[in-house]
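Peer 1: Following this line is protein-v2.txt, made up of compact mmCIF, C-alpha atoms and all ligand atoms:
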```txt
# COMPACT_ATOMS: atom_id res chain seq x y z
CA MET A 1 -33.56 -25.23 -69.72
CA ARG A 2 -36.11 -27.59 -71.30
CA ILE A 3 -39.84 -27.99 -70.80
CA ASP A 4 -40.33 -31.41 -69.24
CA ARG A 5 -43.93 -31.30 -68.06
CA ILE A 6 -47.22 -29.75 -69.17
CA GLU A 7 -50.15 -29.72 -66.80
CA SER A 8 -53.56 -28.19 -67.24
CA PHE A 9 -56.40 -27.64 -64.83
CA ILE A 10 -60.04 -27.07 -65.68
CA LEU A 11 -61.33 -24.81 -62.93
CA LYS A 12 -65.02 -24.34 -62.28
CA ALA A 13 -66.34 -21.91 -59.69
CA PRO A 14 -70.03 -21.72 -58.75
CA LEU A 15 -71.60 -18.27 -58.65
CA ALA A 16 -72.36 -16.70 -55.28
CA GLY A 17 -75.73 -17.88 -54.02
CA GLY A 18 -76.23 -19.83 -57.24
CA GLN A 19 -77.30 -16.51 -58.76
CA ARG A 20 -77.11 -16.80 -62.57
CA PHE A 21 -76.48 -13.72 -64.68
CA LEU A 22 -77.03 -13.07 -68.36
CA SER A 23 -75.63 -11.24 -71.33
CA SER A 24 -77.51 -10.90 -74.61
CA GLN A 25 -76.17 -14.35 -75.57
CA GLY A 26 -77.41 -16.37 -72.62
CA ALA A 27 -76.98 -17.24 -68.96
CA PHE A 28 -73.80 -17.91 -67.01
CA GLN A 29 -74.19 -20.73 -64.49
CA GLN A 30 -70.59 -20.76 -63.23
CA ARG A 31 -67.14 -19.43 -64.07
CA THR A 32 -64.70 -21.65 -65.95
CA SER A 33 -60.99 -21.30 -66.74
CA LEU A 34 -58.34 -23.61 -68.18
CA VAL A 35 -55.06 -22.85 -66.47
CA VAL A 36 -51.80 -24.23 -67.88
CA ARG A 37 -48.57 -24.95 -65.97
CA LEU A 38 -45.30 -25.62 -67.79
CA SER A 39 -42.36 -26.98 -65.78
CA THR A 40 -38.70 -27.12 -66.76
CA ASP A 41 -35.92 -29.58 -66.00
CA ASP A 42 -34.27 -26.97 -63.75
CA GLY A 43 -37.34 -26.65 -61.56
CA LEU A 44 -39.05 -23.48 -62.83
CA GLN A 45 -42.79 -23.24 -63.41
CA GLY A 46 -44.72 -20.91 -65.69
CA TRP A 47 -48.46 -20.29 -65.75
CA GLY A 48 -50.77 -19.55 -68.64
CA GLU A 49 -54.47 -19.49 -69.41
CA ALA A 50 -56.20 -20.97 -72.44
CA GLY A 51 -59.59 -19.81 -73.70
CA VAL A 52 -62.25 -17.47 -72.43
CA SER A 53 -66.02 -17.78 -71.93
CA MET A 54 -65.99 -21.09 -73.75
CA PRO A 55 -66.13 -24.81 -73.06
CA VAL A 56 -62.51 -25.74 -72.41
CA GLU A 57 -62.59 -29.54 -72.39
CA HIS A 58 -61.63 -29.74 -76.08
CA VAL A 59 -58.92 -27.11 -75.55
CA GLN A 60 -57.43 -29.33 -72.86
CA ALA A 61 -57.64 -32.37 -75.15
CA TYR A 62 -55.88 -30.50 -77.99
CA LEU A 63 -53.20 -29.29 -75.60
CA HIS A 64 -52.30 -32.76 -74.32
CA ASP A 65 -53.21 -35.06 -77.21
CA VAL A 66 -51.79 -32.90 -79.99
CA LEU A 67 -49.57 -30.03 -78.83
CA ALA A 68 -47.74 -31.66 -75.91
CA ALA A 69 -45.47 -33.74 -78.14
CA ARG A 70 -44.38 -30.54 -79.92
CA VAL A 71 -43.82 -28.53 -76.73
CA LEU A 72 -42.06 -31.04 -74.46
CA GLY A 73 -38.27 -30.86 -74.65
CA ARG A 74 -38.29 -27.34 -76.09
CA ASP A 75 -36.33 -24.36 -74.79
CA PRO A 76 -38.69 -21.73 -73.29
CA GLU A 77 -36.32 -18.98 -74.40
CA ALA A 78 -37.15 -19.85 -78.02
CA SER A 79 -40.83 -19.02 -77.77
CA GLU A 80 -41.00 -17.28 -81.15
CA PRO A 81 -40.06 -20.27 -83.35
CA LEU A 82 -42.27 -22.50 -81.21
CA TRP A 83 -45.27 -20.17 -81.67
CA HIS A 84 -44.80 -20.24 -85.42
CA GLU A 85 -44.44 -24.00 -85.45
CA LEU A 86 -47.64 -24.49 -83.44
CA TYR A 87 -49.55 -21.99 -85.56
CA GLY A 88 -48.19 -23.34 -88.83
CA PHE A 89 -49.12 -26.87 -87.83
CA ALA A 90 -52.75 -25.79 -87.23
CA ARG A 91 -53.01 -23.38 -90.14
CA ASP A 92 -55.24 -25.63 -92.25
CA PHE A 93 -57.73 -26.36 -89.48
CA GLY A 94 -57.24 -24.19 -86.41
CA ARG A 95 -56.50 -20.54 -87.09
CA LYS A 96 -59.18 -19.48 -84.58
CA GLY A 97 -61.00 -20.87 -81.57
CA ALA A 98 -59.91 -23.86 -79.51
CA CYS A 99 -56.55 -24.51 -81.22
CA MET A 100 -55.49 -20.89 -80.76
CA ALA A 101 -56.72 -20.93 -77.16
CA ALA A 102 -54.33 -23.83 -76.46
CA VAL A 103 -51.43 -22.07 -78.20
CA SER A 104 -52.24 -18.92 -76.20
CA GLY A 105 -52.07 -20.82 -72.91
CA VAL A 106 -48.69 -22.30 -73.79
CA ASP A 107 -47.33 -18.95 -74.95
CA ILE A 108 -48.40 -17.05 -71.82
CA ALA A 109 -46.79 -19.78 -69.66
CA LEU A 110 -43.57 -19.56 -71.73
CA TRP A 111 -43.34 -15.82 -71.03
CA ASP A 112 -43.97 -16.41 -67.34
CA LEU A 113 -41.14 -18.99 -67.38
CA ARG A 114 -38.77 -16.70 -69.23
CA GLY A 115 -39.47 -13.90 -66.78
CA LYS A 116 -38.88 -16.17 -63.82
CA ALA A 117 -35.64 -17.47 -65.32
CA ALA A 118 -34.44 -13.87 -65.77
CA GLY A 119 -35.90 -12.59 -62.47
CA ARG A 120 -37.71 -9.85 -64.39
CA PRO A 121 -41.32 -9.04 -65.27
CA VAL A 122 -42.59 -9.84 -68.75
CA HIS A 123 -42.90 -6.16 -69.67
CA ALA A 124 -39.18 -5.66 -68.95
CA LEU A 125 -38.28 -8.57 -71.25
CA MET A 126 -40.52 -7.10 -73.95
CA GLY A 127 -38.72 -3.78 -73.97
CA GLY A 128 -39.91 -1.84 -70.95
CA ALA A 129 -43.11 -0.31 -69.67
CA TYR A 130 -44.76 2.88 -70.85
CA ARG A 131 -46.60 3.08 -67.53
CA GLU A 132 -46.73 1.61 -64.02
CA ARG A 133 -50.52 1.72 -63.71
CA VAL A 134 -53.42 1.48 -66.09
CA ARG A 135 -56.84 3.06 -65.66
CA ALA A 136 -59.41 0.35 -64.92
CA TYR A 137 -63.01 0.19 -65.91
CA ALA A 138 -65.58 -1.97 -64.16
CA THR A 139 -67.40 -4.49 -66.33
CA GLY A 140 -70.82 -5.19 -64.90
CA LEU A 141 -74.52 -4.42 -65.25
CA TYR A 142 -75.29 -7.92 -66.48
CA TYR A 143 -78.90 -9.00 -66.46
CA ARG A 144 -80.77 -11.04 -63.91
CA GLU A 145 -83.53 -13.38 -65.00
CA GLU A 146 -86.10 -11.20 -63.27
CA ASP A 147 -85.09 -8.29 -65.54
CA LEU A 148 -86.94 -10.05 -68.38
CA ARG A 149 -90.21 -9.81 -66.45
CA ASP A 150 -89.69 -6.56 -64.56
CA VAL A 151 -88.23 -3.68 -66.54
CA ASP A 152 -88.68 -1.13 -63.75
CA GLY A 153 -86.72 -3.47 -61.47
CA ALA A 154 -84.04 -3.84 -64.16
CA VAL A 155 -83.63 -0.07 -64.33
CA ALA A 156 -83.46 0.19 -60.54
CA ARG A 157 -80.80 -2.53 -60.45
CA VAL A 158 -78.69 -0.57 -62.99
CA ARG A 159 -78.86 2.46 -60.72
CA ALA A 160 -77.92 0.52 -57.58
CA GLU A 161 -75.03 -1.37 -59.24
CA ALA A 162 -73.61 1.74 -60.90
CA GLN A 163 -73.67 3.51 -57.53
CA GLN A 164 -71.59 0.66 -56.07
CA TYR A 165 -68.86 1.12 -58.69
CA VAL A 166 -68.78 4.86 -58.11
CA ALA A 167 -68.43 4.21 -54.37
CA GLN A 168 -65.60 1.73 -55.00
CA GLY A 169 -63.53 4.42 -56.74
CA PHE A 170 -64.05 3.52 -60.38
CA THR A 171 -64.30 6.35 -62.88
CA ALA A 172 -65.22 4.16 -65.83
CA LEU A 173 -67.89 1.51 -66.28
CA LYS A 174 -69.10 -0.84 -69.00
CA GLY A 175 -72.61 -2.25 -68.95
CA LYS A 176 -74.39 -4.93 -70.92
CA ILE A 177 -77.14 -4.26 -73.43
CA GLY A 178 -78.92 -6.28 -76.10
CA LEU A 179 -81.11 -8.65 -74.11
CA LEU A 180 -84.20 -6.51 -73.55
CA ALA A 181 -86.37 -4.68 -76.06
CA LEU A 182 -84.59 -1.60 -77.43
CA ARG A 183 -86.75 0.89 -75.56
CA ASP A 184 -86.09 -0.91 -72.26
CA ASP A 185 -82.34 -1.16 -72.78
CA ILE A 186 -82.32 2.53 -73.73
CA ARG A 187 -83.90 3.28 -70.34
CA ARG A 188 -81.10 1.30 -68.68
CA LEU A 189 -78.47 3.28 -70.64
CA GLU A 190 -80.06 6.60 -69.71
CA THR A 191 -80.13 5.50 -66.07
CA LEU A 192 -76.48 4.49 -66.23
CA ARG A 193 -75.42 7.89 -67.56
CA GLU A 194 -77.62 9.75 -65.09
CA THR A 195 -76.31 7.72 -62.13
CA ALA A 196 -72.65 7.88 -63.09
CA GLY A 197 -72.69 11.60 -63.89
CA ASP A 198 -71.18 13.52 -66.78
CA ARG A 199 -67.50 13.04 -65.92
CA PHE A 200 -67.68 9.24 -65.71
CA LEU A 201 -66.59 7.16 -68.70
CA VAL A 202 -69.37 4.80 -69.70
CA MET A 203 -69.34 2.07 -72.33
CA ALA A 204 -72.00 -0.32 -73.65
CA ASP A 205 -71.43 -3.93 -74.74
CA ALA A 206 -74.08 -5.64 -76.88
CA ASN A 207 -72.25 -8.97 -77.38
CA HIS A 208 -73.25 -8.76 -81.07
CA ALA A 209 -77.00 -8.69 -80.37
CA TYR A 210 -78.18 -6.22 -83.01
CA THR A 211 -79.17 -5.95 -86.62
CA PHE A 212 -77.63 -3.00 -88.42
CA ALA A 213 -80.86 -0.97 -88.08
CA SER A 214 -81.09 -1.61 -84.33
CA ALA A 215 -77.41 -0.85 -83.87
CA VAL A 216 -77.91 2.54 -85.54
CA LYS A 217 -80.82 3.34 -83.21
CA VAL A 218 -78.89 2.32 -80.09
CA GLY A 219 -75.73 4.02 -81.34
CA GLN A 220 -77.60 7.31 -81.77
CA VAL A 221 -78.65 7.07 -78.12
CA LEU A 222 -75.03 6.40 -77.13
CA ASP A 223 -73.99 9.46 -79.17
CA ARG A 224 -76.55 11.58 -77.32
CA LEU A 225 -75.43 10.24 -73.93
CA ASP A 226 -71.71 10.65 -74.80
CA PHE A 227 -70.69 7.00 -74.35
CA HIS A 228 -67.01 6.26 -74.73
CA TRP A 229 -67.50 3.15 -76.88
CA PHE A 230 -70.10 0.81 -78.36
CA GLU A 231 -68.79 -2.76 -78.06
CA GLU A 232 -69.69 -5.58 -80.44
CA PRO A 233 -72.89 -4.06 -81.80
CA LEU A 234 -72.98 -6.54 -84.73
CA VAL A 235 -71.95 -10.14 -85.33
CA PRO A 236 -68.17 -10.35 -85.76
CA GLU A 237 -68.47 -11.69 -89.32
CA ASP A 238 -70.15 -8.49 -90.55
CA LEU A 239 -67.12 -6.29 -91.09
CA PRO A 240 -68.85 -4.19 -93.79
CA GLY A 241 -71.66 -3.58 -91.28
CA TYR A 242 -69.14 -2.37 -88.72
CA ALA A 243 -67.54 -0.06 -91.27
CA ALA A 244 -70.91 1.39 -92.27
CA LEU A 245 -71.95 1.83 -88.64
CA ARG A 246 -68.70 3.66 -87.86
CA ARG A 247 -69.52 6.17 -90.59
CA LYS A 248 -72.96 6.81 -89.08
CA LEU A 249 -71.98 7.24 -85.42
CA VAL A 250 -69.82 9.52 -83.33
CA THR A 251 -69.38 6.90 -80.58
CA PRO A 252 -66.29 4.74 -81.27
CA LEU A 253 -66.79 1.03 -82.00
CA ALA A 254 -64.82 -1.57 -80.04
CA ALA A 255 -64.49 -5.26 -80.96
CA GLY A 256 -62.11 -8.15 -81.43
CA GLU A 257 -62.50 -10.31 -78.31
CA GLY A 258 -63.35 -13.42 -80.33
CA GLU A 259 -60.75 -12.74 -83.01
CA CYS A 260 -57.34 -14.40 -83.22
CA THR A 261 -53.83 -13.48 -84.24
CA ARG A 262 -52.40 -10.56 -86.18
CA TYR A 263 -54.17 -11.86 -89.28
CA GLY A 264 -57.67 -11.69 -87.79
CA MET A 265 -56.97 -8.28 -86.26
CA LEU A 266 -55.58 -7.02 -89.58
CA ASP A 267 -58.96 -7.80 -91.17
CA LEU A 268 -60.68 -5.59 -88.58
CA LEU A 269 -58.19 -2.77 -89.12
CA ARG A 270 -58.07 -2.92 -92.91
CA GLY A 271 -61.84 -3.27 -93.03
CA GLU A 272 -62.16 0.05 -91.11
CA ALA A 273 -64.40 -1.92 -88.74
CA VAL A 274 -63.24 -0.73 -85.33
CA ASP A 275 -61.88 2.26 -83.46
CA ILE A 276 -60.64 0.22 -80.50
CA LEU A 277 -59.18 -3.29 -80.74
CA GLN A 278 -59.91 -5.77 -77.93
CA PRO A 279 -57.74 -8.90 -78.17
CA ASP A 280 -58.11 -11.50 -75.45
CA LEU A 281 -54.67 -12.88 -74.69
CA ALA A 282 -56.00 -16.32 -73.73
CA LEU A 283 -57.54 -16.73 -77.18
CA SER A 284 -55.82 -14.47 -79.71
CA GLY A 285 -52.38 -16.10 -79.49
CA GLY A 286 -50.89 -15.22 -76.11
CA LEU A 287 -48.39 -12.53 -75.18
CA SER A 288 -46.17 -13.09 -78.24
CA GLU A 289 -49.05 -12.41 -80.58
CA GLY A 290 -50.38 -9.68 -78.29
CA GLN A 291 -47.19 -7.72 -78.88
CA LYS A 292 -47.63 -8.03 -82.63
CA ILE A 293 -51.30 -7.01 -82.46
CA VAL A 294 -50.30 -3.91 -80.48
CA THR A 295 -47.72 -3.03 -83.14
CA LEU A 296 -50.22 -3.61 -85.92
CA ALA A 297 -52.81 -1.41 -84.20
CA SER A 298 -50.23 1.35 -83.70
CA ALA A 299 -49.60 1.39 -87.44
CA PHE A 300 -53.31 2.20 -87.86
CA GLN A 301 -53.24 4.57 -84.85
CA ARG A 302 -55.92 2.50 -83.10
CA PRO A 303 -55.92 1.98 -79.32
CA VAL A 304 -55.75 -1.54 -77.90
CA CYS A 305 -57.75 -2.28 -74.74
CA CYS A 306 -57.43 -5.96 -73.85
CA HIS A 307 -60.53 -8.04 -73.35
CA VAL A 308 -60.10 -9.61 -69.89
CA TRP A 309 -62.69 -12.00 -68.54
CA GLY A 310 -60.81 -14.96 -67.11
CA SER A 311 -58.83 -16.00 -64.05
CA GLY A 312 -56.14 -14.00 -62.29
CA VAL A 313 -53.58 -15.54 -64.67
CA VAL A 314 -54.92 -13.76 -67.72
CA VAL A 315 -55.55 -10.58 -65.70
CA ALA A 316 -51.83 -10.57 -64.90
CA ALA A 317 -50.86 -11.33 -68.50
CA ALA A 318 -53.10 -8.54 -69.80
CA LEU A 319 -51.62 -6.11 -67.26
CA GLN A 320 -48.15 -7.02 -68.54
CA LEU A 321 -49.20 -6.32 -72.12
CA SER A 322 -51.03 -3.14 -71.09
CA ALA A 323 -47.71 -1.82 -69.78
CA MET A 324 -46.41 -2.25 -73.34
CA ILE A 325 -49.12 -0.49 -75.36
CA PRO A 326 -47.66 2.75 -76.73
CA PRO A 327 -49.72 5.92 -76.29
CA VAL A 328 -51.88 6.41 -79.39
CA PRO A 329 -50.97 8.93 -80.59
CA TYR A 330 -47.77 9.89 -78.79
CA THR A 331 -48.05 13.01 -76.68
CA ALA A 332 -45.77 14.53 -74.06
CA CYS A 333 -48.47 14.08 -71.41
CA PRO A 334 -50.71 11.14 -72.26
CA HIS A 335 -54.09 10.67 -70.57
CA ALA A 336 -56.58 7.81 -70.40
CA PRO A 337 -58.71 7.39 -72.40
CA GLU A 338 -57.55 9.94 -74.98
CA ASN A 339 -54.25 8.20 -75.73
CA GLU A 340 -53.69 5.71 -72.91
CA PRO A 341 -55.25 2.24 -72.70
CA LEU A 342 -58.12 1.32 -70.40
CA PHE A 343 -58.14 -2.02 -68.56
CA GLU A 344 -61.17 -4.27 -68.30
CA PHE A 345 -61.78 -5.25 -64.67
CA ASP A 346 -64.71 -7.64 -64.60
CA ARG A 347 -66.71 -7.22 -61.39
CA THR A 348 -69.01 -10.24 -61.57
CA HIS A 349 -68.46 -12.82 -58.85
CA ASN A 350 -65.40 -14.90 -59.80
CA PRO A 351 -63.07 -16.46 -57.20
CA LEU A 352 -60.85 -17.67 -60.07
CA ARG A 353 -60.04 -14.04 -60.74
CA ASP A 354 -59.96 -12.77 -57.17
CA ASP A 355 -58.53 -15.68 -55.14
CA LEU A 356 -56.41 -17.84 -57.47
CA VAL A 357 -53.65 -15.23 -57.48
CA GLU A 358 -52.21 -14.47 -54.06
CA GLY A 359 -53.19 -10.97 -52.97
CA GLY A 360 -55.63 -10.54 -55.86
CA PHE A 361 -55.95 -7.26 -57.73
CA SER A 362 -57.27 -4.05 -56.27
CA LEU A 363 -57.70 -0.48 -57.40
CA VAL A 364 -55.06 2.11 -56.67
CA GLY A 365 -57.08 5.26 -57.09
CA GLU A 366 -58.83 4.64 -60.41
CA ASP A 367 -56.02 2.35 -61.68
CA LEU A 368 -54.63 -1.15 -61.46
CA ALA A 369 -50.90 -1.49 -60.88
CA ILE A 370 -48.79 -3.45 -63.38
CA PRO A 371 -47.21 -6.36 -61.44
CA THR A 372 -43.43 -5.96 -61.18
CA GLY A 373 -42.42 -9.40 -59.91
CA PRO A 374 -40.74 -11.99 -62.17
CA GLY A 375 -42.73 -13.26 -65.16
CA LEU A 376 -46.41 -12.41 -64.94
CA GLY A 377 -45.62 -11.04 -61.49
CA VAL A 378 -48.16 -13.14 -59.57
CA LYS A 379 -48.12 -16.27 -57.40
CA ILE A 380 -50.76 -18.97 -57.75
CA ASP A 381 -52.48 -20.15 -54.57
CA GLN A 382 -52.23 -23.94 -54.84
CA GLN A 383 -55.08 -24.51 -52.39
CA VAL A 384 -57.43 -22.37 -54.45
CA LEU A 385 -56.31 -24.22 -57.59
CA ASP A 386 -57.07 -27.57 -55.94
CA ARG A 387 -60.40 -26.39 -54.58
CA PHE A 388 -61.81 -25.42 -57.98
CA CYS A 389 -60.07 -28.02 -60.17
CA VAL A 390 -62.49 -30.49 -61.75
CA ALA A 391 -60.15 -32.05 -64.33
CA ARG A 392 -56.34 -32.17 -64.31
CA ARG A 393 -54.23 -33.58 -67.11
CA ALA A 394 -50.47 -33.89 -67.35
CA SER A 395 -48.00 -34.77 -70.11
CA GLY A 396 -44.26 -35.41 -70.00
CA ASP A 397 -41.86 -36.46 -67.25
CA ARG A 398 -43.32 -36.90 -63.76
CA ALA A 399 -46.78 -36.72 -65.38
CA CA B 401 -67.46 -7.87 -74.60
```
Please express what this file holds, its structure, as structure tokens.
Ligand code: CA

Peer 2:
Amino acid sequence: MRIDRIESFILKAPLAGGQRFLSSQGAFQQRTSLVVRLSTDDGLQGWGEAGVSMPVEHVQAYLHDVLAARVLGRDPEASEPLWHELYGFARDFGRKGACMAAVSGVDIALWDLRGKAAGRPVHALMGGAYRERVRAYATGLYYREEDLRDVDGAVARVRAEAQQYVAQGFTALKGKIGLLALRDDIRRLETLRETAGDRFLVMADANHAYTFASAVKVGQVLDRLDFHWFEEPLVPEDLPGYAALRRKLVTPLAAGEGECTRYGMLDLLRGEAVDILQPDLALSGGLSEGQKIVTLASAFQRPVCCHVWGSGVVVAAALQLSAMIPPVPYTACPHAPENEPLFEFDRTHNPLRDDLVEGGFSLVGEDLAIPTGPGLGVKIDQQVLDRFCVARRASGDRA
């Protein structure tokens, strides 16, 4: 079995009603994913995803103009040496960002191929699942532009959206903070806790919006409101700031979505910067590296909860890895969130997540099921792929 063709598809999906939404870092106009398809000479196809919340045109260029020559002709069963070759090649210029996004897309597709060749899901090839389902949390409570002018409206929208997630069966919810003045975002957080009730898990994600002093103030509010984690309070470069903040707060800190590979994650762990590690498989190195990051985190007794904000391909990949995260610490009867992972289930409008994969993903109780079909365990809807594809490239035979 040899890889004889690499294709990639830039997918762009407009938002429902043209309604933009914002995090602390800016507005989202549309949803974008770069989906990768590897084909083999015996007719198998594997799917991957490269990059998250980023421009992907240069990832696609790197994949075809640089990596393709190194990937074509290779045996998908030998994904480990190939990963090291691709990483080693880019070590002097591409240990993070676009180069690693491309490697991640290839690696996820290799695992999908290997699973399909064996007729088994990725988690079975990786050693077997700890669980069949993983507790999901809704990611939402983004801002609307009118929130900047109408704080009372912003607070009312938090209440209404949180009520929706409760009605849908979620028992955990993550909301955005960091865009409004502190006192106004604190009102939103208080409203979230009040609406969700005491038994609900709630988390807050600042997308690195705060100075240290502001992060302490917000963190003290999260402590008072019993939030389950405080995500990316500070810029990712400020590891000493994270370590100092951890010492000041009760609420656990979560981060790592922009970080790559075992080496980047090791810096977070050794720097005592985080309680919960959040690798994104489409950026941090794919499933191969995801396994190593999980092992690394277990050595520090830190939970891993994947960052998941892409198409259905990376949702499936992250579910496969989530099957493989050992309980931290081991207990005879593990529970989420005490020692079981949580799973990020983005609830903003995104047909690339909901429609690209046949059947989509839906809650079973408060959980998502780990797909059990071969490879990633999902089928791509070709019509949906075609509908949203704005740029296709191909390398290799039949290109
Ligand atoms: Ca985040």

Peer 1: How many Å separate CA of Leu283 (chain A) from CA of Gly119 (chain A)?

Peer 2: 26.5 Å

Peer 1: Give me, as JSON lines, each residue of chain A that comes within 12 Å of ligand CA 401 (chain B), together with its shortest interatomic pair and the distance in Å at one decimal, counting only C-alpha atoms and all ligand atoms, with rows ordered by chain and rising residue number.

Peer 2:
```
{"residue": "A:Ser23", "atom": "CA", "partner": "B:CA401", "partner_atom": "CA", "distance": 9.4}
{"residue": "A:Ser24", "atom": "CA", "partner": "B:CA401", "partner_atom": "CA", "distance": 10.5}
{"residue": "A:Gln25", "atom": "CA", "partner": "B:CA401", "partner_atom": "CA", "distance": 10.9}
{"residue": "A:Val52", "atom": "CA", "partner": "B:CA401", "partner_atom": "CA", "distance": 11.1}
{"residue": "A:Ser53", "atom": "CA", "partner": "B:CA401", "partner_atom": "CA", "distance": 10.4}
{"residue": "A:Thr139", "atom": "CA", "partner": "B:CA401", "partner_atom": "CA", "distance": 8.9}
{"residue": "A:Gly140", "atom": "CA", "partner": "B:CA401", "partner_atom": "CA", "distance": 10.6}
{"residue": "A:Tyr142", "atom": "CA", "partner": "B:CA401", "partner_atom": "CA", "distance": 11.3}
{"residue": "A:Lys174", "atom": "CA", "partner": "B:CA401", "partner_atom": "CA", "distance": 9.1}
{"residue": "A:Gly175", "atom": "CA", "partner": "B:CA401", "partner_atom": "CA", "distance": 9.5}
{"residue": "A:Lys176", "atom": "CA", "partner": "B:CA401", "partner_atom": "CA", "distance": 8.4}
{"residue": "A:Ile177", "atom": "CA", "partner": "B:CA401", "partner_atom": "CA", "distance": 10.4}
{"residue": "A:Gly178", "atom": "CA", "partner": "B:CA401", "partner_atom": "CA", "distance": 11.7}
{"residue": "A:Met203", "atom": "CA", "partner": "B:CA401", "partner_atom": "CA", "distance": 10.4}
{"residue": "A:Ala204", "atom": "CA", "partner": "B:CA401", "partner_atom": "CA", "distance": 8.9}
{"residue": "A:Asp205", "atom": "CA", "partner": "B:CA401", "partner_atom": "CA", "distance": 5.6}
{"residue": "A:Ala206", "atom": "CA", "partner": "B:CA401", "partner_atom": "CA", "distance": 7.3}
{"residue": "A:Asn207", "atom": "CA", "partner": "B:CA401", "partner_atom": "CA", "distance": 5.6}
{"residue": "A:His208", "atom": "CA", "partner": "B:CA401", "partner_atom": "CA", "distance": 8.7}
{"residue": "A:Ala209", "atom": "CA", "partner": "B:CA401", "partner_atom": "CA", "distance": 11.2}
{"residue": "A:Trp229", "atom": "CA", "partner": "B:CA401", "partner_atom": "CA", "distance": 11.3}
{"residue": "A:Phe230", "atom": "CA", "partner": "B:CA401", "partner_atom": "CA", "distance": 9.8}
{"residue": "A:Glu231", "atom": "CA", "partner": "B:CA401", "partner_atom": "CA", "distance": 6.3}
{"residue": "A:Glu232", "atom": "CA", "partner": "B:CA401", "partner_atom": "CA", "distance": 6.7}
{"residue": "A:Pro233", "atom": "CA", "partner": "B:CA401", "partner_atom": "CA", "distance": 9.8}
{"residue": "A:Leu234", "atom": "CA", "partner": "B:CA401", "partner_atom": "CA", "distance": 11.6}
{"residue": "A:Val235", "atom": "CA", "partner": "B:CA401", "partner_atom": "CA", "distance": 11.9}
{"residue": "A:Pro236", "atom": "CA", "partner": "B:CA401", "partner_atom": "CA", "distance": 11.5}
{"residue": "A:Leu253", "atom": "CA", "partner": "B:CA401", "partner_atom": "CA", "distance": 11.6}
{"residue": "A:Ala254", "atom": "CA", "partner": "B:CA401", "partner_atom": "CA", "distance": 8.7}
{"residue": "A:Ala255", "atom": "CA", "partner": "B:CA401", "partner_atom": "CA", "distance": 7.5}
{"residue": "A:Gly256", "atom": "CA", "partner": "B:CA401", "partner_atom": "CA", "distance": 8.7}
{"residue": "A:Glu257", "atom": "CA", "partner": "B:CA401", "partner_atom": "CA", "distance": 6.7}
{"residue": "A:Gly258", "atom": "CA", "partner": "B:CA401", "partner_atom": "CA", "distance": 9.0}
{"residue": "A:Glu259", "atom": "CA", "partner": "B:CA401", "partner_atom": "CA", "distance": 11.8}
{"residue": "A:Leu277", "atom": "CA", "partner": "B:CA401", "partner_atom": "CA", "distance": 11.3}
{"residue": "A:Gln278", "atom": "CA", "partner": "B:CA401", "partner_atom": "CA", "distance": 8.5}
{"residue": "A:Pro279", "atom": "CA", "partner": "B:CA401", "partner_atom": "CA", "distance": 10.4}
{"residue": "A:Asp280", "atom": "CA", "partner": "B:CA401", "partner_atom": "CA", "distance": 10.1}
{"residue": "A:Cys305", "atom": "CA", "partner": "B:CA401", "partner_atom": "CA", "distance": 11.2}
{"residue": "A:Cys306", "atom": "CA", "partner": "B:CA401", "partner_atom": "CA", "distance": 10.2}
{"residue": "A:His307", "atom": "CA", "partner": "B:CA401", "partner_atom": "CA", "distance": 7.0}
{"residue": "A:Val308", "atom": "CA", "partner": "B:CA401", "partner_atom": "CA", "distance": 8.9}
{"residue": "A:Trp309", "atom": "CA", "partner": "B:CA401", "partner_atom": "CA", "distance": 8.7}
{"residue": "A:Glu344", "atom": "CA", "partner": "B:CA401", "partner_atom": "CA", "distance": 9.6}
{"residue": "A:Phe345", "atom": "CA", "partner": "B:CA401", "partner_atom": "CA", "distance": 11.7}
{"residue": "A:Asp346", "atom": "CA", "partner": "B:CA401", "partner_atom": "CA", "distance": 10.4}
```

Peer 1: Using all atoms listed in the file, can you tell me which of A:Val221, A:Met100, A:Ala27, A:Ala78 comes closest to Ala282 (chain A)?

Peer 2: A:Met100

Peer 1: My list of candidates is A:Phe9, A:Trp111, A:Phe93, A:Tyr242. Which is closest to Asp75 (chain A) when distances are computed with all atoms listed in the file?

Peer 2: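 Nearest to Asp75 (chain A): A:Trp111.
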
Peer 1: Taking (-45.5, -24.9, -80.2) in the file's coordinates as the center, which residues reach within 8 Å of it, counting only C-alpha atoms, put as a list in words?

Peer 2: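 Here is the list of nearby residues: Leu67, Arg70, Val71, Ser79, Pro81, Leu82, Trp83, His84, Glu85, Leu86, Tyr87, Val103 and Val106 of chain A.
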
Peer 1: Can you write just those residues out, C-alpha atoms, as a PDB file, keeping the file's coordinate frame?

Peer 2:
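What follows is the written file out_17.pdb:
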```
ATOM      1  CA  LEU A  67     -49.570 -30.030 -78.830  1.00  0.00           C
ATOM      2  CA  ARG A  70     -44.380 -30.540 -79.920  1.00  0.00           C
ATOM      3  CA  VAL A  71     -43.820 -28.530 -76.730  1.00  0.00           C
ATOM      4  CA  SER A  79     -40.830 -19.020 -77.770  1.00  0.00           C
ATOM      5  CA  PRO A  81     -40.060 -20.270 -83.350  1.00  0.00           C
ATOM      6  CA  LEU A  82     -42.270 -22.500 -81.210  1.00  0.00           C
ATOM      7  CA  TRP A  83     -45.270 -20.170 -81.670  1.00  0.00           C
ATOM      8  CA  HIS A  84     -44.800 -20.240 -85.420  1.00  0.00           C
ATOM      9  CA  GLU A  85     -44.440 -24.000 -85.450  1.00  0.00           C
ATOM     10  CA  LEU A  86     -47.640 -24.490 -83.440  1.00  0.00           C
ATOM     11  CA  TYR A  87     -49.550 -21.990 -85.560  1.00  0.00           C
ATOM     12  CA  VAL A 103     -51.430 -22.070 -78.200  1.00  0.00           C
ATOM     13  CA  VAL A 106     -48.690 -22.300 -73.790  1.00  0.00           C
TER      14      VAL A 106
END
```
